[in-house]
Amino acid sequence: MLRLGLLVAAAAIAADQVTKWAARDALWDPMRRIEVTSFFNLSPAENKGISFGLFQSEGAGMLLIVGIALAISVGLGVWLYRSRSHWQGCALGLVIGGAVGNVVDRLRLGWVIDFLDFHGGGYHWPAFNLADAAISVGVVMLIVHGFLMKPRKAPRSES
(Lines give C-alpha, C1' and ligand atoms only; values in the text may rest on other atoms or scores of the structure.)
Protein backbone atom coordinates (compact mmCIF):
# COMPACT_ATOMS: atom_id res chain seq x y z
CA MET A 1 0.00 0.00 0.00
CA LEU A 2 3.03 2.26 0.32
CA ARG A 3 3.15 3.00 -3.40
CA LEU A 4 -0.60 3.72 -3.55
CA GLY A 5 -0.50 5.96 -0.48
CA LEU A 6 2.50 7.91 -1.75
CA LEU A 7 0.82 8.36 -5.14
CA VAL A 8 -2.32 9.68 -3.44
CA ALA A 9 -0.19 11.98 -1.25
CA ALA A 10 1.67 13.33 -4.29
CA ALA A 11 -1.62 13.91 -6.15
CA ALA A 12 -3.07 15.72 -3.11
CA ILE A 13 0.02 17.94 -2.81
CA ALA A 14 0.00 18.74 -6.53
CA ALA A 15 -3.74 19.52 -6.66
CA ASP A 16 -3.45 21.63 -3.52
CA GLN A 17 -0.48 23.66 -4.76
CA VAL A 18 -1.97 24.21 -8.23
CA THR A 19 -5.29 25.43 -6.82
CA LYS A 20 -3.51 27.68 -4.30
CA TRP A 21 -1.37 29.16 -7.08
CA ALA A 22 -4.52 29.85 -9.15
CA ALA A 23 -6.36 31.28 -6.13
CA ARG A 24 -3.48 33.54 -5.17
CA ASP A 25 -3.26 34.79 -8.75
CA ALA A 26 -7.02 35.44 -8.93
CA LEU A 27 -7.81 36.67 -5.40
CA TRP A 28 -4.73 38.49 -4.11
CA ASP A 29 -3.29 41.70 -5.61
CA PRO A 30 -5.78 43.23 -5.57
CA MET A 31 -7.62 41.40 -2.80
CA ARG A 32 -11.08 40.43 -3.97
CA ARG A 33 -13.83 37.92 -3.30
CA ILE A 34 -15.54 36.06 -6.13
CA GLU A 35 -19.13 34.97 -5.51
CA VAL A 36 -19.55 31.60 -7.23
CA THR A 37 -22.98 30.59 -5.90
CA SER A 38 -25.36 31.78 -3.20
CA PHE A 39 -23.54 29.50 -0.72
CA PHE A 40 -19.95 29.47 -2.01
CA ASN A 41 -17.33 32.16 -2.55
CA LEU A 42 -13.67 32.22 -3.42
CA SER A 43 -12.29 34.48 -0.68
CA PRO A 44 -8.63 35.19 0.11
CA ALA A 45 -7.55 34.25 3.62
CA GLU A 46 -4.03 34.12 5.03
CA ASN A 47 -4.11 31.37 7.66
CA LYS A 48 -1.33 31.55 10.22
CA GLY A 49 -2.89 28.80 12.34
CA ILE A 50 -3.69 25.16 11.73
CA SER A 51 -6.69 23.79 9.85
CA PHE A 52 -9.59 26.20 9.53
CA GLY A 53 -7.62 29.04 11.17
CA LEU A 54 -7.32 27.53 14.65
CA PHE A 55 -4.35 28.42 16.88
CA GLN A 56 -2.97 31.42 14.96
CA SER A 57 0.81 31.62 15.25
CA GLU A 58 3.84 33.34 13.71
CA GLY A 59 7.63 32.99 13.95
CA ALA A 60 8.70 30.21 16.29
CA GLY A 61 5.07 29.11 16.68
CA MET A 62 4.80 28.66 12.91
CA LEU A 63 7.97 26.56 12.93
CA LEU A 64 6.52 24.48 15.78
CA ILE A 65 3.39 23.84 13.68
CA VAL A 66 5.61 22.84 10.73
CA GLY A 67 7.64 20.50 12.96
CA ILE A 68 4.54 18.88 14.42
CA ALA A 69 2.96 18.45 10.98
CA LEU A 70 6.12 16.84 9.62
CA ALA A 71 6.49 14.56 12.66
CA ILE A 72 2.87 13.45 12.31
CA SER A 73 3.41 12.88 8.57
CA VAL A 74 6.42 10.66 9.30
CA GLY A 75 4.36 8.68 11.82
CA LEU A 76 1.57 8.32 9.29
CA GLY A 77 4.16 7.24 6.73
CA VAL A 78 5.22 4.40 9.03
CA TRP A 79 1.55 3.42 9.40
CA LEU A 80 1.20 3.59 5.61
CA TYR A 81 4.25 1.35 5.18
CA ARG A 82 2.64 -1.25 7.46
CA SER A 83 -0.84 -0.94 5.97
CA ARG A 84 -2.32 -3.82 3.97
CA SER A 85 -5.56 -2.10 2.99
CA HIS A 86 -6.11 -0.08 -0.19
CA TRP A 87 -8.73 2.02 1.61
CA GLN A 88 -6.41 2.78 4.50
CA GLY A 89 -3.52 3.48 2.11
CA CYS A 90 -5.60 6.06 0.23
CA ALA A 91 -6.79 7.61 3.49
CA LEU A 92 -3.28 7.92 4.89
CA GLY A 93 -2.06 9.32 1.57
CA LEU A 94 -4.73 12.04 1.71
CA VAL A 95 -3.82 13.04 5.26
CA ILE A 96 -0.08 13.05 4.52
CA GLY A 97 -0.55 14.95 1.26
CA GLY A 98 -2.78 17.55 2.90
CA ALA A 99 -0.35 18.08 5.78
CA VAL A 100 2.63 18.43 3.45
CA GLY A 101 0.68 20.76 1.13
CA ASN A 102 0.09 23.16 4.01
CA VAL A 103 3.69 22.81 5.22
CA VAL A 104 4.88 23.90 1.77
CA ASP A 105 2.87 27.14 2.16
CA ARG A 106 4.14 27.78 5.68
CA LEU A 107 7.76 27.36 4.64
CA ARG A 108 7.32 29.39 1.45
CA LEU A 109 5.03 32.17 2.69
CA GLY A 110 4.88 31.92 6.50
CA TRP A 111 1.14 31.29 6.25
CA VAL A 112 -1.31 29.01 4.42
CA ILE A 113 -3.44 30.10 1.48
CA ASP A 114 -7.13 29.47 2.22
CA PHE A 115 -9.80 30.46 -0.27
CA LEU A 116 -12.78 28.07 -0.28
CA ASP A 117 -15.58 29.86 1.57
CA PHE A 118 -18.88 28.04 2.15
CA HIS A 119 -21.75 29.77 3.91
CA GLY A 120 -25.46 29.53 4.50
CA GLY A 121 -28.15 30.66 6.89
CA GLY A 122 -25.94 33.45 8.19
CA TYR A 123 -23.11 31.04 9.04
CA HIS A 124 -19.69 31.01 7.36
CA TRP A 125 -17.57 27.89 7.57
CA PRO A 126 -13.96 29.03 8.04
CA ALA A 127 -12.17 29.38 4.70
CA PHE A 128 -10.09 26.33 3.79
CA ASN A 129 -8.17 24.79 0.90
CA LEU A 130 -7.76 21.43 -0.83
CA ALA A 131 -5.09 20.33 1.66
CA ASP A 132 -7.56 20.84 4.52
CA ALA A 133 -10.21 18.96 2.55
CA ALA A 134 -7.78 16.08 1.87
CA ILE A 135 -6.94 15.84 5.58
CA SER A 136 -10.63 15.87 6.54
CA VAL A 137 -11.63 13.26 3.96
CA GLY A 138 -8.64 11.08 4.89
CA VAL A 139 -9.51 11.20 8.59
CA VAL A 140 -13.14 10.29 7.88
CA MET A 141 -11.92 7.39 5.73
CA LEU A 142 -9.69 6.19 8.59
CA ILE A 143 -12.62 6.37 11.01
CA VAL A 144 -14.85 4.44 8.61
CA HIS A 145 -12.07 1.90 8.13
CA GLY A 146 -11.68 1.50 11.88
CA PHE A 147 -15.38 0.96 12.49
CA LEU A 148 -16.55 -0.90 9.41
CA MET A 149 -13.66 -2.88 8.02
CA LYS A 150 -13.14 -6.27 9.60
CA PRO A 151 -9.57 -6.96 10.67
CA ARG A 152 -7.95 -10.04 9.23
CA LYS A 153 -7.68 -12.77 11.83
CA ALA A 154 -4.33 -14.37 12.34
CA PRO A 155 -4.38 -18.14 11.86
CA ARG A 156 -4.71 -20.04 15.13
CA SER A 157 -1.76 -22.08 16.17
CA GLU A 158 -2.50 -25.40 17.80
CA SER A 159 -0.44 -25.90 20.95
# chains A, B, ... in the order shown; residues from 1 in each chain; ligands from 1

$ residues_around --residues "stretch 116-125 of chain A" --least-positions-apart "6" --cutoff "12 Å" --atoms "only C-alpha atoms" --output "MDAnalysis selection string"
chainID A and resid 16 19:20 23:24 27 33:46 51:53 131:133

$ select_by_dssp --residues "chain A" --states "strand (DSSP E)" --output "VMD selection string"
chain A and resid 34 to 37 40 to 47 112 to 120 123 to 124

$ residues_around --residues "A:Arg106" --least-positions-apart "3" --cutoff "12 Å" --atoms "only C-alpha atoms" --output "NGL selection string"
:A and (46-50 or 57-67 or 69-70 or 99-103 or 109-114)

$ residues_around --residues "A:Ala11" --least-positions-apart "3" --cutoff "10 Å" --atoms "only C-alpha atoms" --output "NGL selection string"
:A and (5-8 or 14-17 or 93-94 or 97-98)
